[in-house]
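Let me begin by presenting the structure, written as structure tokens, before commenting on it.
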Amino acid sequence: MSSTHTDAAGSAAQPSRRRVLGGIATTAVAVVGWNVVSQTWATAAEAAGNTDVVPVPGLVGTLETAPATVEGFGHDFGHLFDGAASKPWAVLRPGGVDDIVTIVNYARTHGIQLAVNGQGGTGNDIESHSVYGQARVPGGISIDAKGISRILSIGSDHAVVEAGVTWGQLTDATLKVGKTPPALPDYLYISIGGTISIGGIGGTVQRYGLLCDTVQSIDIVTGDGRLVTATAQLRPELFNAALSGGGQVGIIVRATVKLIPAPKRSVIFSLFYADVATYLADSEKVLADGRFQVHAGEMLQKPDGSGWRYKLEVGATYNTTPPDRAKLLCDLKDVRADAIIEDVPFRDYMFRLDAYEAVLKEGGHWYTPKPWLSMFLPASKTKQFMKRVEQELDASSLGGGFLLFYPFYTSKLKRPLAMMPNESVVYLFDLLRFPNPGEPNIQGMIDQNRRLYDIAVGLGAKRYLVGSIPMTNADWKKHFGNRWAGFVNAKKKYDPNNTFTPGQGFFA
């Protein structure tokens, strides 16, 4: 496919060598090609008269090698793999999808690895929101998803977006026409392409499944340099391997996402429980009868710091007539006087973490390493596991963070690589640590993650692809179980040169 694009006036804009390297800082040494013998990037001086150097192809966007640029793409939100060993050699800021096709073909031919970097966040804090180096591509090319971040269309029941669009951007755009994505993450400033490649989860999972389950089609650049469309009916093997497959079979460049009518307001109930057994009973009761449109929850410290309690956070949405609060709560076992009930605009609840982000930044927690632990627990073993967790964790384990903990039905999930326990009801266990600044025991937290992971797996749990858990290839093989062989075959078929997303470590 040509890297020529068409501008707004409809005329073809031809790429040039100046535009290829136009984004490189004047203090940087410009890369002009790849040395196929030494397997290194070559400068103009090194390329002169050297037939081993293959020129970088023409691009509409830029391929940048400035130290400040590659440094910014050499770390992520987790800050556990910062340093020179994680930096890419170059950053592609694509001028469009054609640039990605071009660079995939170039990389495939010359054995260069690629990974997309979602560059999420707010203000000046824009970076990959992986937390354990999943988006890193040492010595390769990092693709800035901001170069493909347009909302292409919004229809009555779906939106077509480029992969770099954030959920926040899409939510605000669709609310203007009375629509919303049915499933959203808690933190909205992350890219759609990155989220659906690992699954994506939020407080409507009990109704709509993972975020990737709301995707109707994708356009994806495979490892053989083809731009193709995939759906559950068209190229289903590719569709299923791309959604929740951790970026292993291609680069998602566009997605068609389901939309539903957006409510005007939400009544949010925060209900507190002194023990895990009562919390589990009420959580599964409201899950079964579906009385709430939003269903989440947490394990959190008691106000006096003496131990742990649980919060059931559920929401009832409406347009004109508020729901009957007493009826919604009448048969719950432990609705206490300290319950908090708020009636808020729908958008305010969707963007509820904005204020919390500001608090974390002010306290310095936003910038600390993130030894997160994200898993799915079988309901039958959840009480047993949480009793162990209550013993393992203390206030310093969370820092400024929190532990999300709530149930959903596995029947709502459709993508086969979103691995779940073999039960109808499972619990999200999402230990989102924001350690206190200067915390000396980050490695101890990672070791604890691995210990808790092993215990949970022994009970039938599965991990979520986000999180900070040291894993071997054998661990991943066990994780994917009877779907491993199909995943390996899809990798060989769609990424035979092992070009994509090495930071996941699945096939290392």
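In the structure tokens, the first chain shown is A, the next is B, and so on; residue numbers restart at 1 for each chain, and ligands run from 1 in the order shown.
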- All strand (DSSP E or B) positions in segment 72-259 of chain A, as a ChimeraX atom specification: /A:76,90-93,114-117,120-122,125-128,141-144,151-154,158-162,166,179-180,191,215-222,227-231,250-258
- Message: DSSP on the backbone: which residues in segment 340-391 of chain A end up as alpha helix (DSSP H)? Give the answer as number ranges by chain.
- Response: A: 346-350, 353-362, 379-391
For the interface of segment 51-151 of chain A with segment 369-389 of chain A (cut-off 6 Å, counting only C-alpha atoms), please tabulate each contacting residue of segment 51-151 of chain A alongside its nearest pair of atoms and their separation in Å to one decimal, rows sorted by chain and increasing number, as a Markdown table.
| residue | atom | partner | partner_atom | distance |
| --- | --- | --- | --- | --- |
| A:Gly78 | CA | A:Lys370 | CA | 4.5 |
| A:His79 | CA | A:Pro369 | CA | 4.8 |
| A:Leu80 | CA | A:Pro369 | CA | 5.8 |
Using only C-alpha atoms, I'd like a table of the residues in segment 333-452 of chain A that come within 10 Å of segment 176-195 of chain A; for each, show the closest atom pair and its distance in Å rounded to one decimal, ordered by chain and ascending number, as JSON lines.
{"residue": "A:Arg347", "atom": "CA", "partner": "A:Thr180", "partner_atom": "CA", "distance": 9.7}
{"residue": "A:Tyr349", "atom": "CA", "partner": "A:Asp186", "partner_atom": "CA", "distance": 9.5}
{"residue": "A:Met350", "atom": "CA", "partner": "A:Asp186", "partner_atom": "CA", "distance": 7.3}
{"residue": "A:Phe351", "atom": "CA", "partner": "A:Leu188", "partner_atom": "CA", "distance": 7.1}
{"residue": "A:Arg352", "atom": "CA", "partner": "A:Asp186", "partner_atom": "CA", "distance": 8.0}
{"residue": "A:Leu353", "atom": "CA", "partner": "A:Tyr187", "partner_atom": "CA", "distance": 6.3}
{"residue": "A:Asp354", "atom": "CA", "partner": "A:Tyr187", "partner_atom": "CA", "distance": 8.2}
{"residue": "A:Glu357", "atom": "CA", "partner": "A:Tyr187", "partner_atom": "CA", "distance": 9.2}
Any chance you could export the current selection's N, CA and C atoms as a compact mmCIF listing (two decimals), in the first residue's frame?
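Writing done, so here's out34.txt:
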# COMPACT_ATOMS: atom_id res chain seq x y z
N ARG A 347 -22.29 12.23 33.30
CA ARG A 347 -20.90 12.50 32.92
C ARG A 347 -20.00 12.63 34.15
N TYR A 349 -20.11 11.11 36.93
CA TYR A 349 -19.70 9.81 37.45
C TYR A 349 -18.71 9.13 36.52
N MET A 350 -18.90 9.25 35.22
CA MET A 350 -17.97 8.64 34.28
C MET A 350 -16.56 9.23 34.44
N PHE A 351 -16.48 10.51 34.75
CA PHE A 351 -15.19 11.18 34.89
C PHE A 351 -14.82 11.36 36.37
N ARG A 352 -15.31 10.48 37.22
CA ARG A 352 -15.14 10.64 38.66
C ARG A 352 -13.70 10.59 39.13
N LEU A 353 -12.81 9.95 38.36
CA LEU A 353 -11.42 9.83 38.80
C LEU A 353 -10.60 11.09 38.53
N ASP A 354 -11.18 12.07 37.86
CA ASP A 354 -10.43 13.30 37.59
C ASP A 354 -9.94 13.94 38.89
N GLU A 357 -7.24 11.79 40.53
CA GLU A 357 -5.96 11.95 39.84
C GLU A 357 -5.23 13.18 40.36
Proximity of segment 260-310 of chain A to segment 429-437 of chain A: per-residue shortest pair, 12 Å limit, only C-alpha atoms, as a tab-separated table:
residue	atom	partner	partner_atom	distance
A:Ala296	CA	A:Phe429	CA	11.1
A:Gly297	CA	A:Phe429	CA	9.9
A:Glu298	CA	A:Phe429	CA	9.0
A:Met299	CA	A:Leu431	CA	9.4
A:Leu300	CA	A:Leu431	CA	10.7
- Task: Rounded to one decimal place, report the atom CA of Ala474 of chain A-atom CA of Val457 of chain A distance in Å.
- Result: 13.7 Å
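You can rank A:Gln206, A:Asn482, A:Leu114, A:His158 by their closest distance to Ala288 of chain A using only C-alpha atoms, and at the top of that list sits A:Gln206.
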Would you pick out the contacts of segment 239-256 of chain A at 7 Å or less, using only C-alpha atoms, so that residues sharing its chain but fewer than 6 positions from it are not included, and give the list as a PDB file with N, CA, C and O atoms, in the first residue's frame?
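This is the output file part.pdb:
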ATOM      1  N   VAL A  97      -2.747   6.082   8.723  1.00  0.00           N
ATOM      2  CA  VAL A  97      -2.661   4.622   8.733  1.00  0.00           C
ATOM      3  C   VAL A  97      -1.647   4.119   7.720  1.00  0.00           C
ATOM      4  O   VAL A  97      -0.945   3.135   7.962  1.00  0.00           O
ATOM      5  N   HIS A 158     -23.335   3.145  16.856  1.00  0.00           N
ATOM      6  CA  HIS A 158     -21.912   2.817  16.857  1.00  0.00           C
ATOM      7  C   HIS A 158     -21.094   4.052  16.502  1.00  0.00           C
ATOM      8  O   HIS A 158     -21.616   5.020  15.933  1.00  0.00           O
ATOM      9  N   ALA A 159     -19.820   3.996  16.860  1.00  0.00           N
ATOM     10  CA  ALA A 159     -18.851   5.024  16.482  1.00  0.00           C
ATOM     11  C   ALA A 159     -17.662   4.351  15.833  1.00  0.00           C
ATOM     12  O   ALA A 159     -17.279   3.243  16.221  1.00  0.00           O
ATOM     13  N   VAL A 160     -17.069   5.023  14.857  1.00  0.00           N
ATOM     14  CA  VAL A 160     -15.845   4.543  14.225  1.00  0.00           C
ATOM     15  C   VAL A 160     -14.721   5.486  14.642  1.00  0.00           C
ATOM     16  O   VAL A 160     -14.814   6.706  14.429  1.00  0.00           O
ATOM     17  N   VAL A 161     -13.692   4.922  15.247  1.00  0.00           N
ATOM     18  CA  VAL A 161     -12.609   5.728  15.792  1.00  0.00           C
ATOM     19  C   VAL A 161     -11.268   5.152  15.377  1.00  0.00           C
ATOM     20  O   VAL A 161     -11.141   3.953  15.118  1.00  0.00           O
ATOM     21  N   GLU A 162     -10.267   6.028  15.322  1.00  0.00           N
ATOM     22  CA  GLU A 162      -8.898   5.541  15.201  1.00  0.00           C
ATOM     23  C   GLU A 162      -8.414   5.085  16.573  1.00  0.00           C
ATOM     24  O   GLU A 162      -8.930   5.507  17.616  1.00  0.00           O
ATOM     25  N   ALA A 163      -7.419   4.237  16.567  1.00  0.00           N
ATOM     26  CA  ALA A 163      -7.032   3.527  17.782  1.00  0.00           C
ATOM     27  C   ALA A 163      -6.471   4.433  18.868  1.00  0.00           C
ATOM     28  O   ALA A 163      -6.519   4.087  20.052  1.00  0.00           O
ATOM     29  N   GLY A 193      -7.501   1.680  21.310  1.00  0.00           N
ATOM     30  CA  GLY A 193      -6.777   0.554  20.722  1.00  0.00           C
ATOM     31  C   GLY A 193      -6.016  -0.251  21.757  1.00  0.00           C
ATOM     32  O   GLY A 193      -6.053  -1.488  21.751  1.00  0.00           O
ATOM     33  N   ILE A 196      -8.631  -2.238  24.210  1.00  0.00           N
ATOM     34  CA  ILE A 196      -9.308  -3.424  23.667  1.00  0.00           C
ATOM     35  C   ILE A 196      -8.321  -4.537  23.342  1.00  0.00           C
ATOM     36  O   ILE A 196      -8.698  -5.709  23.261  1.00  0.00           O
ATOM     37  N   SER A 197      -7.044  -4.186  23.195  1.00  0.00           N
ATOM     38  CA  SER A 197      -6.047  -5.227  22.925  1.00  0.00           C
ATOM     39  C   SER A 197      -5.741  -6.051  24.176  1.00  0.00           C
ATOM     40  O   SER A 197      -5.209  -7.159  24.064  1.00  0.00           O
ATOM     41  N   ILE A 198      -6.097  -5.523  25.356  1.00  0.00           N
ATOM     42  CA  ILE A 198      -5.892  -6.314  26.577  1.00  0.00           C
ATOM     43  C   ILE A 198      -7.211  -6.650  27.266  1.00  0.00           C
ATOM     44  O   ILE A 198      -7.228  -7.330  28.290  1.00  0.00           O
ATOM     45  N   GLY A 199      -8.318  -6.187  26.719  1.00  0.00           N
ATOM     46  CA  GLY A 199      -9.641  -6.510  27.241  1.00  0.00           C
ATOM     47  C   GLY A 199     -10.409  -5.281  27.643  1.00  0.00           C
ATOM     48  O   GLY A 199     -11.356  -4.869  26.990  1.00  0.00           O
ATOM     49  N   CYS A 212     -13.643  -4.815  25.108  1.00  0.00           N
ATOM     50  CA  CYS A 212     -13.435  -5.424  23.794  1.00  0.00           C
ATOM     51  C   CYS A 212     -14.679  -6.150  23.301  1.00  0.00           C
ATOM     52  O   CYS A 212     -14.832  -6.364  22.095  1.00  0.00           O
ATOM     53  N   VAL A 215     -16.796  -4.090  20.850  1.00  0.00           N
ATOM     54  CA  VAL A 215     -16.188  -3.755  19.552  1.00  0.00           C
ATOM     55  C   VAL A 215     -16.812  -4.622  18.466  1.00  0.00           C
ATOM     56  O   VAL A 215     -16.832  -5.846  18.567  1.00  0.00           O
ATOM     57  N   GLN A 216     -17.326  -3.976  17.419  1.00  0.00           N
ATOM     58  CA  GLN A 216     -17.996  -4.696  16.342  1.00  0.00           C
ATOM     59  C   GLN A 216     -17.045  -5.078  15.214  1.00  0.00           C
ATOM     60  O   GLN A 216     -17.249  -6.094  14.552  1.00  0.00           O
ATOM     61  N   SER A 217     -16.040  -4.247  14.972  1.00  0.00           N
ATOM     62  CA  SER A 217     -15.057  -4.570  13.934  1.00  0.00           C
ATOM     63  C   SER A 217     -13.778  -3.801  14.206  1.00  0.00           C
ATOM     64  O   SER A 217     -13.778  -2.792  14.923  1.00  0.00           O
ATOM     65  N   ILE A 218     -12.695  -4.296  13.644  1.00  0.00           N
ATOM     66  CA  ILE A 218     -11.411  -3.604  13.725  1.00  0.00           C
ATOM     67  C   ILE A 218     -10.772  -3.573  12.351  1.00  0.00           C
ATOM     68  O   ILE A 218     -10.978  -4.464  11.532  1.00  0.00           O
ATOM     69  N   ASP A 219      -9.996  -2.538  12.100  1.00  0.00           N
ATOM     70  CA  ASP A 219      -9.055  -2.517  10.986  1.00  0.00           C
ATOM     71  C   ASP A 219      -7.673  -2.684  11.595  1.00  0.00           C
ATOM     72  O   ASP A 219      -7.315  -1.981  12.551  1.00  0.00           O
ATOM     73  N   ILE A 220      -6.908  -3.626  11.082  1.00  0.00           N
ATOM     74  CA  ILE A 220      -5.660  -4.009  11.722  1.00  0.00           C
ATOM     75  C   ILE A 220      -4.587  -4.259  10.667  1.00  0.00           C
ATOM     76  O   ILE A 220      -4.868  -4.817   9.606  1.00  0.00           O
ATOM     77  N   VAL A 221      -3.378  -3.817  10.964  1.00  0.00           N
ATOM     78  CA  VAL A 221      -2.226  -4.063  10.099  1.00  0.00           C
ATOM     79  C   VAL A 221      -1.519  -5.304  10.638  1.00  0.00           C
ATOM     80  O   VAL A 221      -1.011  -5.309  11.761  1.00  0.00           O
ATOM     81  N   THR A 222      -1.514  -6.357   9.867  1.00  0.00           N
ATOM     82  CA  THR A 222      -0.906  -7.609  10.293  1.00  0.00           C
ATOM     83  C   THR A 222       0.589  -7.612   9.999  1.00  0.00           C
ATOM     84  O   THR A 222       1.117  -6.721   9.337  1.00  0.00           O
ATOM     85  N   GLY A 223       1.256  -8.650  10.481  1.00  0.00           N
ATOM     86  CA  GLY A 223       2.702  -8.714  10.362  1.00  0.00           C
ATOM     87  C   GLY A 223       3.224  -8.881   8.963  1.00  0.00           C
ATOM     88  O   GLY A 223       4.418  -8.685   8.720  1.00  0.00           O
ATOM     89  N   ALA A 230     -11.457  -6.993  10.289  1.00  0.00           N
ATOM     90  CA  ALA A 230     -11.804  -8.252  10.952  1.00  0.00           C
ATOM     91  C   ALA A 230     -13.008  -8.032  11.852  1.00  0.00           C
ATOM     92  O   ALA A 230     -13.113  -7.003  12.535  1.00  0.00           O
ATOM     93  N   THR A 231     -13.911  -8.999  11.844  1.00  0.00           N
ATOM     94  CA  THR A 231     -15.073  -9.010  12.715  1.00  0.00           C
ATOM     95  C   THR A 231     -15.248 -10.426  13.251  1.00  0.00           C
ATOM     96  O   THR A 231     -14.470 -11.330  12.920  1.00  0.00           O
ATOM     97  N   ALA A 232     -16.294 -10.621  14.034  1.00  0.00           N
ATOM     98  CA  ALA A 232     -16.575 -11.967  14.535  1.00  0.00           C
ATOM     99  C   ALA A 232     -16.950 -12.921  13.414  1.00  0.00           C
ATOM    100  O   ALA A 232     -16.844 -14.147  13.574  1.00  0.00           O
ATOM    101  N   ARG A 415     -14.690 -12.860  23.900  1.00  0.00           N
ATOM    102  CA  ARG A 415     -13.396 -13.040  23.253  1.00  0.00           C
ATOM    103  C   ARG A 415     -12.592 -14.127  23.966  1.00  0.00           C
ATOM    104  O   ARG A 415     -12.360 -14.064  25.170  1.00  0.00           O
ATOM    105  N   PRO A 416     -12.148 -15.139  23.237  1.00  0.00           N
ATOM    106  CA  PRO A 416     -11.580 -16.341  23.859  1.00  0.00           C
ATOM    107  C   PRO A 416     -10.264 -16.135  24.595  1.00  0.00           C
ATOM    108  O   PRO A 416      -9.945 -16.918  25.497  1.00  0.00           O
ATOM    109  N   LEU A 417      -9.480 -15.117  24.258  1.00  0.00           N
ATOM    110  CA  LEU A 417      -8.200 -14.921  24.927  1.00  0.00           C
ATOM    111  C   LEU A 417      -8.323 -14.115  26.215  1.00  0.00           C
ATOM    112  O   LEU A 417      -7.331 -13.913  26.917  1.00  0.00           O
ATOM    113  N   ALA A 418      -9.526 -13.640  26.527  1.00  0.00           N
ATOM    114  CA  ALA A 418      -9.779 -13.034  27.838  1.00  0.00           C
ATOM    115  C   ALA A 418     -10.013 -14.189  28.809  1.00  0.00           C
ATOM    116  O   ALA A 418     -11.142 -14.607  29.051  1.00  0.00           O
ATOM    117  N   PHE A 487      -3.459 -19.695  19.990  1.00  0.00           N
ATOM    118  CA  PHE A 487      -2.798 -18.389  20.071  1.00  0.00           C
ATOM    119  C   PHE A 487      -1.448 -18.449  19.357  1.00  0.00           C
ATOM    120  O   PHE A 487      -1.083 -17.552  18.591  1.00  0.00           O
ATOM    121  N   ALA A 490      -2.006 -18.432  15.659  1.00  0.00           N
ATOM    122  CA  ALA A 490      -2.370 -17.100  15.174  1.00  0.00           C
ATOM    123  C   ALA A 490      -1.139 -16.197  15.108  1.00  0.00           C
ATOM    124  O   ALA A 490      -0.976 -15.409  14.166  1.00  0.00           O
ATOM    125  N   LYS A 491      -0.269 -16.310  16.094  1.00  0.00           N
ATOM    126  CA  LYS A 491       0.971 -15.534  16.090  1.00  0.00           C
ATOM    127  C   LYS A 491       1.817 -15.893  14.867  1.00  0.00           C
ATOM    128  O   LYS A 491       2.320 -15.001  14.165  1.00  0.00           O
ATOM    129  N   TYR A 494      -0.071 -14.500  11.621  1.00  0.00           N
ATOM    130  CA  TYR A 494      -0.246 -13.064  11.413  1.00  0.00           C
ATOM    131  C   TYR A 494       0.973 -12.238  11.800  1.00  0.00           C
ATOM    132  O   TYR A 494       1.059 -11.065  11.442  1.00  0.00           O
ATOM    133  N   ASP A 495       1.916 -12.832  12.525  1.00  0.00           N
ATOM    134  CA  ASP A 495       3.158 -12.140  12.863  1.00  0.00           C
ATOM    135  C   ASP A 495       4.309 -13.136  12.803  1.00  0.00           C
ATOM    136  O   ASP A 495       4.969 -13.407  13.807  1.00  0.00           O
ATOM    137  N   PHE A 500       5.752  -7.823  16.579  1.00  0.00           N
ATOM    138  CA  PHE A 500       4.897  -6.976  17.407  1.00  0.00           C
ATOM    139  C   PHE A 500       5.027  -7.223  18.917  1.00  0.00           C
ATOM    140  O   PHE A 500       5.071  -8.363  19.373  1.00  0.00           O
ATOM    141  N   THR A 501       5.081  -6.124  19.655  1.00  0.00           N
ATOM    142  CA  THR A 501       4.843  -6.037  21.085  1.00  0.00           C
ATOM    143  C   THR A 501       5.640  -7.069  21.900  1.00  0.00           C
ATOM    144  O   THR A 501       5.054  -7.912  22.596  1.00  0.00           O
ATOM    145  N   GLN A 504       5.214  -7.806  26.073  1.00  0.00           N
ATOM    146  CA  GLN A 504       4.296  -8.698  26.776  1.00  0.00           C
ATOM    147  C   GLN A 504       4.987  -9.962  27.268  1.00  0.00           C
ATOM    148  O   GLN A 504       4.595 -10.544  28.274  1.00  0.00           O
TER     149      GLN A 504
END
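Look at segment 46-58 of chain A: the protein and nucleic acid residues within 6 Å of it, using only C-alpha atoms and passing over chain neighbours fewer than 5 places away, are Pro15, Val32, Gly33, Trp34, Asn35 and Val36 of chain A.
By chain and then residue number, the residues within 10 Å of Gln119 of chain A are Gly72, Phe73, Asp76, Phe77, Val116, Asn117, Gly121, Thr122, Asp125, Ile126, Glu127, Ser128, His129, Ser130, Ile143, Asp144, Ala145, Lys146, Gly164, Thr166, Tyr189, Ile190, Ser191 and Gly194 of chain A, counting only C-alpha atoms and disregarding those fewer than 2 positions away in sequence.
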For the selection just defined, write its residues with N, CA, C and O atoms to a file, as a short mmCIF file (atom, residue, chain, number, x, y, z; two decimals), in the first residue's frame.
data_model
loop_
_atom_site.label_atom_id
_atom_site.label_comp_id
_atom_site.auth_asym_id
_atom_site.auth_seq_id
_atom_site.Cartn_x
_atom_site.Cartn_y
_atom_site.Cartn_z
N GLY A 72 11.23 9.55 26.29
CA GLY A 72 9.83 9.61 26.69
C GLY A 72 9.05 8.35 26.37
O GLY A 72 8.05 8.05 27.02
N PHE A 73 9.50 7.60 25.37
CA PHE A 73 8.84 6.36 25.00
C PHE A 73 9.54 5.13 25.59
O PHE A 73 9.18 4.00 25.29
N ASP A 76 7.05 3.83 31.16
CA ASP A 76 5.60 3.82 31.15
C ASP A 76 5.08 4.27 32.50
O ASP A 76 5.85 4.66 33.40
N PHE A 77 3.78 4.21 32.68
CA PHE A 77 3.13 4.67 33.89
C PHE A 77 3.61 3.89 35.11
O PHE A 77 3.64 4.41 36.22
N VAL A 116 3.02 -0.38 19.70
CA VAL A 116 2.24 0.86 19.77
C VAL A 116 2.29 1.38 21.20
O VAL A 116 2.22 0.62 22.16
N ASN A 117 2.39 2.70 21.33
CA ASN A 117 2.42 3.35 22.63
C ASN A 117 1.22 4.30 22.70
O ASN A 117 1.16 5.27 21.95
N GLY A 121 -3.19 9.87 29.37
CA GLY A 121 -2.96 10.77 30.49
C GLY A 121 -3.54 12.14 30.25
O GLY A 121 -4.25 12.39 29.27
N THR A 122 -3.22 13.06 31.17
CA THR A 122 -3.74 14.42 31.09
C THR A 122 -2.61 15.42 31.27
O THR A 122 -1.55 15.10 31.82
N ASP A 125 1.40 15.04 31.58
CA ASP A 125 1.71 13.68 32.00
C ASP A 125 1.17 12.67 30.99
O ASP A 125 0.23 11.92 31.25
N ILE A 126 1.76 12.68 29.81
CA ILE A 126 1.34 11.82 28.72
C ILE A 126 2.38 10.72 28.55
O ILE A 126 3.56 11.00 28.31
N GLU A 127 1.95 9.47 28.67
CA GLU A 127 2.88 8.34 28.57
C GLU A 127 2.08 7.07 28.37
O GLU A 127 0.85 7.05 28.49
N SER A 128 2.78 6.00 28.05
CA SER A 128 2.13 4.70 27.99
C SER A 128 1.53 4.37 29.35
O SER A 128 2.17 4.55 30.38
N HIS A 129 0.29 3.86 29.35
CA HIS A 129 -0.32 3.50 30.62
C HIS A 129 -0.23 2.00 30.90
O HIS A 129 -1.01 1.47 31.70
N SER A 130 0.72 1.33 30.28
CA SER A 130 1.08 0.00 30.78
C SER A 130 1.89 0.20 32.05
O SER A 130 2.45 1.28 32.29
N ILE A 143 5.50 3.24 18.18
CA ILE A 143 4.55 3.97 17.34
C ILE A 143 3.64 4.80 18.24
O ILE A 143 2.92 4.27 19.09
N ASP A 144 3.70 6.10 18.08
CA ASP A 144 2.90 7.04 18.87
C ASP A 144 1.46 7.00 18.38
O ASP A 144 1.14 7.46 17.28
N ALA A 145 0.56 6.46 19.21
CA ALA A 145 -0.84 6.33 18.81
C ALA A 145 -1.54 7.68 18.65
O ALA A 145 -2.62 7.74 18.06
N LYS A 146 -0.92 8.76 19.16
CA LYS A 146 -1.54 10.07 18.97
C LYS A 146 -1.62 10.45 17.50
O LYS A 146 -2.39 11.34 17.11
N GLY A 164 -5.94 5.59 18.51
CA GLY A 164 -5.36 6.48 19.50
C GLY A 164 -6.35 7.37 20.20
O GLY A 164 -5.98 8.09 21.14
N THR A 166 -8.93 8.44 22.91
CA THR A 166 -9.13 7.98 24.28
C THR A 166 -10.63 7.79 24.54
O THR A 166 -11.48 8.36 23.85
N TYR A 189 -8.66 8.35 30.25
CA TYR A 189 -7.65 8.99 29.40
C TYR A 189 -6.62 7.98 28.89
O TYR A 189 -5.42 8.20 28.93
N ILE A 190 -7.13 6.84 28.42
CA ILE A 190 -6.29 5.82 27.83
C ILE A 190 -6.85 5.47 26.45
O ILE A 190 -8.05 5.64 26.19
N SER A 191 -5.98 4.98 25.58
CA SER A 191 -6.38 4.80 24.18
C SER A 191 -7.32 3.62 24.01
O SER A 191 -7.22 2.60 24.72
N GLY A 194 -5.33 0.43 22.67
CA GLY A 194 -4.58 -0.27 23.69
C GLY A 194 -5.48 -1.02 24.66
O GLY A 194 -5.18 -2.15 25.07
#
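Taking atom CA of Ala45 of chain A and atom CA of Ile112 of chain A as endpoints, the distance between them is 21.3 Å.
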- Message: Using only C-alpha atoms, which protein or nucleic acid residues come within 10 Å of Lys333 of chain A? Drop anything in the same chain fewer than 4 positions from it, and give the result as a ChimeraX atom specification.
- Response: /A:273,278-279,281-282,329
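Of note, atom CA of Gly438 of chain A and atom CA of Thr368 of chain A are spaced 8.1 Å apart.
Every protein, DNA or RNA residue with an atom at most 12 Å from Pro303 of chain A, where only C-alpha atoms count and chain neighbours fewer than 2 positions away do not, is listed here: A:Phe272, A:Ala274, A:Leu300, A:Gln301, A:Gly305, A:Ser306, A:Gly307, A:Trp308, A:Arg309, A:Tyr310, A:Asp338, A:Ala395.
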- Task: May I ask which of the residues A:Asp447, A:Lys412, A:Glu423, A:Glu342 is the closest one to Leu210 of chain A, counting only C-alpha atoms?
- Result: A:Lys412
- Query: Between A:Gly467, A:Gly95, A:Gly203, A:Gly155, which is the closest to Ile260 of chain A once you count only C-alpha atoms?
  - Reply: A:Gly155
